[in-house]
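The structure under discussion appears below in the form of structure tokens.
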Amino acid sequence: MMQFKTILNNPAEWMLTAGPLGEIVISSRIRLARNLSGFSFPGWAAEDVRMLVLDSVKPTVDTLSEMRGAFSSDLRNLSTIRKQVLVERHLISREQAAKGTGSAVVMNRKQTLCIMINEEDHLRMQSIKPGLNLKSAFNMIDKIDTKLEENIDYAFDNQHGYLTACPTNLGTGMRASAMLHLPALVLSEQINQVIQAVNKIGLAVRGLYGEGTEALGNLFQVSNQHTLGEKEIEIVARLEKVIRQIIEHEKNARATLFEERRSMLDDKVGRAYAILRHGHIISTKEALELLSMLRAGVDLGYFPDEVRGIIDVLFMEIQPAHLQMRADSKLGVEERDILRAEIMRDELKILPEPGKLPQEDQESENNQERDIDEGRK
Amino acid sequence: MICDVCQDKHATVYLTQIVDGQMQKVNLCDPCAKEKGVTDPTGFALADLLLGIGSDEKVNLPGDELTCEACGFTQSELKKNGRLGCSECYSVFGEGLDSLVKAVHKGTLHVGKVPTRYRVTKQFTDQIAELKHRLKIAITDENFEEAAKLRDEITSAEDEFVCAKEQ
């Protein structure tokens with residue numbers, strides 16, 4: 001079985017490889033909610049019932065060929081910090097992290113597949129793929145689901161589909177989502193319009209860590225809201241269509257900023273570079289904002305393409321639980337801010353200065369400077 | 001204006017009520033109003049009065065609360081956290097959830113994946129529903145030969161279904 005340390009030392013597949021449209025789409029994820037018939041849902045079940053469910057389900061999950069060499073653990077055996085690391089990696093939910101006895105998590109080595117037992121539902125399984133890759137993520141988790149149903153008697157009825165603890169997940173029990181990096185839509189203040197438009201067509205836009213979280217680092221999760229009355233593949237196709245439109249908007253916004261507000265972009269990217277290379281106390285929030293600008297800088301050609309991978313790993317590594325895991329001790333806020341800055345300085349040591357501006361832009365810059373000089377005179 | 005209930009006498013009582021966001025109006029004559037007990041307009045729903053159908057949600061007195069026999073989950077628990085106790089709860093609280101399900105989802109009928117062990121069931125229930133639908137049309141069209149044939153088909157499909165379930 002995989003050790004916890006192994007997870008920490010290996011970034012997830014979606015952090016390392018750039019998937020389709022990886023400039024804007026960080027990852028694609030499909031989650032299925034399933035329950036056993038004849039047992040109370042985890043939130044209502046007594047501890048002995050939860051243990052019964054866990055004991056009957058876990059062997060089936062552990063023996064999946066996809067889970068060979070997986071990390072598998074009861075949540076009561078995981079420390080708070082370890083659970084938090086899994087939350088920061090988007091492998092378990094915040095709700096699951098709050099649980100102990102009777103709950104478990106099983107995930108494969110590449111961290112592309114994760115099954116939570118006794119979260120809000122008896123089973124929550126998810127697949128994560130890099131870039132815009134919803135269909136392949138769906139196929140992956142669908143296969144697992146089909147294998148599991150051979151041994152597990154799912155709660156299902158013809159009208160409501162898969163029966164879930166919360167009626168908002170009825171039907172397919174499926175939540176499909178993609179993590180998008182949208183700095184230009186935020187900078188050009190178009191993001192609220194986009195969010196409103198997306199909400200109107202039955203999709204949800206959330207922050208970095210799902211429901212009720214802030215959109216730190218210009219990262220947004222777009223997901224389906226309806227789970228009943230539509231086929232899985234239709235939901236996935238509709239979501240993907242909308243995501244492609246959002247990508248177009250982001251690309252247009254980037255092009256406009258690049259052409260019309262170039263100095264502002266130069267300044268944002270330059271400051272992000274300077275602080276990340278030379279700062280000594282940096283909070284999570286500030287770090288995410290700066291890394292976001294740096295990533296935008298890569299996309300716009302200020303830095304070489306390879307840097308994107310380093311940034312995506314840093315997005316995870318600089319978060320509170322990851323830092324404490326690395327330091328192997330509990331750290332206060334200030335200690336974390338210092339360690340965070342140190343890690344980023346170290347990782348970004350090789351980062352060259354933001355790329356030189358093309359000729360014509362340089363000239364207009366010089367003209368501007370001259371204007372200012374003349375103004376001074 | 002004529003009384004909506006007896007369709008005979010002149011209406012003297014005019015009621016307007018908002019039910020589920022829709023305005024409903026009823027006009028009653030004096031005797032009918034008394035007979036229906038229209039003294040306190042908040043004490044009844046117009047739909048009940050006029051059409052004989054009303055919301056099926058019963059007003060439960062404390063101690064007489066709607067409870068899932070399988071897991072002991074109650075209506076007030078449901079109100080408190082919006083989640084259900086077990087899969088059986090859907091048949092207990094199902095009707096009360098209908099409006100919520102309608103509001104948050106695209107439809108009210110599952111059209112996605114069906115687990116293998118339920119596939120047979122779904123196949124039969126779909127087939128029987130389709131036959132019953134055709135039977136209804138045949139009867140309305142007074143096509144009794146077709147209706148008799150369909151009735152036999154339904155009986156045999158139902159028998160087959162019972163056999164399949166027992167297997």
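Here's how to read the names in the structure tokens: chain A, B, ... by the order shown, residue numbers from 1 in each chain, ligand numbers from 1 in the order shown.
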Polymer residues at most 8 Å from region 101-113 of chain B, only C-alpha atoms, same-chain spacing of 2 or more positions, as a PyMOL selection string:
(chain A and resi 158-161+167-168+171-172+225-232) or (chain B and resi 97-99+115)
Selection file, C-alpha atoms, as a compact mmCIF listing (two decimals), in the first residue's frame:
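Produced file result_5.txt, reproduced below:
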# COMPACT_ATOMS: atom_id res chain seq x y z
CA ASN A 158 -36.67 4.43 -11.80
CA GLN A 159 -38.05 7.88 -11.19
CA HIS A 160 -35.35 9.48 -9.05
CA GLY A 161 -32.37 7.51 -10.35
CA PRO A 167 -32.15 15.76 -3.17
CA THR A 168 -29.94 18.16 -5.15
CA GLY A 171 -30.71 11.20 -10.71
CA THR A 172 -27.24 10.74 -12.10
CA GLN A 225 -26.25 22.16 -11.01
CA HIS A 226 -28.91 19.81 -12.36
CA THR A 227 -28.33 16.11 -11.85
CA LEU A 228 -31.82 14.81 -12.65
CA GLY A 229 -33.64 14.81 -15.98
CA GLU A 230 -30.59 14.80 -18.21
CA LYS A 231 -28.22 12.05 -19.32
CA GLU A 232 -24.65 12.03 -18.00
CA LEU B 97 -39.99 17.02 -2.09
CA ASP B 98 -41.53 17.22 -5.54
CA SER B 99 -41.57 21.00 -5.75
CA PRO B 115 -27.51 -0.14 -12.69
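Here CA of Ala287 (chain A) and CA of Gln96 (chain A) stand 26.3 Å from one another.
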Distance query region 142-156 of chain B at most 12 Å, only C-alpha atoms, self and fewer than 6 positions along chain excluded, as a list of chain:residue names
B:Phe124, B:Thr125, B:Asp126, B:Gln127, B:Ile128, B:Ala129, B:Glu130, B:Leu131, B:Lys132, B:His133, B:Arg134, B:Leu135, B:Lys136, B:Val162, B:Cys163
Next, write the just-selected residues to a file, as a CSV table (one decimal), in the first residue's frame, keeping N, CA and C atoms as the atom set.
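What follows is the written file again33.csv:
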chain,number,residue,atom,x,y,z
B,124,PHE,N,-39.3,-3.5,-17.8
B,124,PHE,CA,-40.7,-3.9,-17.7
B,124,PHE,C,-41.6,-2.7,-17.4
B,125,THR,N,-41.2,-1.9,-16.4
B,125,THR,CA,-42.1,-0.8,-16.0
B,125,THR,C,-42.3,0.1,-17.2
B,126,ASP,N,-41.3,0.4,-18.0
B,126,ASP,CA,-41.4,1.2,-19.2
B,126,ASP,C,-42.4,0.6,-20.2
B,127,GLN,N,-42.2,-0.7,-20.4
B,127,GLN,CA,-43.0,-1.5,-21.3
B,127,GLN,C,-44.5,-1.4,-20.9
B,128,ILE,N,-44.7,-1.7,-19.6
B,128,ILE,CA,-46.1,-1.7,-19.1
B,128,ILE,C,-46.7,-0.3,-19.2
B,129,ALA,N,-46.0,0.7,-18.9
B,129,ALA,CA,-46.5,2.1,-18.9
B,129,ALA,C,-46.9,2.4,-20.4
B,130,GLU,N,-46.1,2.0,-21.3
B,130,GLU,CA,-46.3,2.2,-22.7
B,130,GLU,C,-47.6,1.5,-23.2
B,131,LEU,N,-47.8,0.3,-22.7
B,131,LEU,CA,-49.0,-0.5,-23.1
B,131,LEU,C,-50.2,0.1,-22.5
B,132,LYS,N,-50.1,0.6,-21.3
B,132,LYS,CA,-51.3,1.2,-20.6
B,132,LYS,C,-51.7,2.5,-21.3
B,133,HIS,N,-50.7,3.2,-21.8
B,133,HIS,CA,-50.9,4.4,-22.5
B,133,HIS,C,-51.7,4.1,-23.8
B,134,ARG,N,-51.2,3.1,-24.5
B,134,ARG,CA,-51.9,2.7,-25.7
B,134,ARG,C,-53.3,2.2,-25.5
B,135,LEU,N,-53.5,1.5,-24.4
B,135,LEU,CA,-54.8,1.0,-24.0
B,135,LEU,C,-55.8,2.2,-23.8
B,136,LYS,N,-55.3,3.2,-23.1
B,136,LYS,CA,-56.1,4.3,-22.9
B,136,LYS,C,-56.6,5.0,-24.2
B,162,VAL,N,-43.2,-10.3,-12.7
B,162,VAL,CA,-43.3,-11.0,-11.5
B,162,VAL,C,-42.3,-12.2,-11.5
B,163,CYS,N,-42.3,-13.0,-12.6
B,163,CYS,CA,-41.4,-14.1,-12.7
B,163,CYS,C,-39.9,-13.6,-12.7
Could you list, as a ChimeraX atom specification, every residue within 10 Å of region 11-13 of chain A, counting only C-alpha atoms and ignoring same-chain residues fewer than 6 positions away?
/A:19,27,89,91,108-112,128-130,312-314,316-317
Write to file, as a PDB file, in the first residue's frame, the residues of the selection just made, with C-alpha atoms.
ATOM      1  CA  GLY A  19      -3.923  18.721 -20.593  1.00  0.00           C
ATOM      2  CA  SER A  27      -8.187  20.271 -14.360  1.00  0.00           C
ATOM      3  CA  ARG A  89      -5.077  18.549  -3.211  1.00  0.00           C
ATOM      4  CA  LEU A  91      -8.750  14.675  -3.133  1.00  0.00           C
ATOM      5  CA  ASN A 108      -4.609   5.721  -6.628  1.00  0.00           C
ATOM      6  CA  ARG A 109      -0.949   6.611  -6.943  1.00  0.00           C
ATOM      7  CA  LYS A 110      -1.381   9.170  -9.708  1.00  0.00           C
ATOM      8  CA  GLN A 111      -4.147  10.835  -7.673  1.00  0.00           C
ATOM      9  CA  THR A 112      -6.437  10.697 -10.674  1.00  0.00           C
ATOM     10  CA  ILE A 128      -9.427  14.130 -12.032  1.00  0.00           C
ATOM     11  CA  LYS A 129      -7.740  14.772 -15.368  1.00  0.00           C
ATOM     12  CA  PRO A 130      -5.436  17.602 -16.429  1.00  0.00           C
ATOM     13  CA  ASP A 312       0.904  24.705 -10.767  1.00  0.00           C
ATOM     14  CA  VAL A 313       2.806  22.627  -8.241  1.00  0.00           C
ATOM     15  CA  LEU A 314       3.458  25.732  -6.121  1.00  0.00           C
ATOM     16  CA  MET A 316      -0.551  23.350  -3.888  1.00  0.00           C
ATOM     17  CA  GLU A 317       2.787  23.349  -2.092  1.00  0.00           C
TER      18      GLU A 317
END
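Proximity to Glu47 (chain A) at 10 Å, evaluated using only C-alpha atoms and with sequence-adjacent residues fewer than 6 positions away removed, yields Val53, Thr101, Gly102 and Ser103 of chain A.
For the choices A:Glu306, A:Asp266, A:Glu260, A:Glu289, the atom-to-atom distance to Asn218 (chain A) is smallest for A:Glu289 when using only C-alpha atoms.
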Report as a ChimeraX atom specification all protein, DNA and RNA residues lying within 6 Å of Tyr302 (chain A), evaluated on only C-alpha atoms, omitting residues in the same chain fewer than 3 positions from it.
/A:297-298,354-355
Dump N, CA, C and O atoms for the selected residues as an mmCIF file, in the first residue's frame?
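Heads up, here's the output in result-v4.cif:
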data_model
loop_
_atom_site.group_PDB
_atom_site.id
_atom_site.type_symbol
_atom_site.label_atom_id
_atom_site.label_comp_id
_atom_site.auth_asym_id
_atom_site.auth_seq_id
_atom_site.Cartn_x
_atom_site.Cartn_y
_atom_site.Cartn_z
ATOM 1 N N GLY A 297 1.504 35.480 -16.963
ATOM 2 C CA GLY A 297 2.720 35.928 -17.635
ATOM 3 C C GLY A 297 3.285 34.853 -18.556
ATOM 4 O O GLY A 297 3.723 35.145 -19.671
ATOM 5 N N VAL A 298 3.239 33.601 -18.095
ATOM 6 C CA VAL A 298 3.710 32.492 -18.942
ATOM 7 C C VAL A 298 2.840 32.413 -20.189
ATOM 8 O O VAL A 298 3.333 32.344 -21.315
ATOM 9 N N PRO A 354 11.109 38.826 -16.556
ATOM 10 C CA PRO A 354 10.016 38.863 -17.544
ATOM 11 C C PRO A 354 10.551 39.298 -18.905
ATOM 12 O O PRO A 354 11.361 40.227 -18.984
ATOM 13 N N GLY A 355 10.125 38.603 -19.956
ATOM 14 C CA GLY A 355 10.641 38.791 -21.300
ATOM 15 C C GLY A 355 10.679 40.235 -21.759
ATOM 16 O O GLY A 355 9.870 41.054 -21.346
#
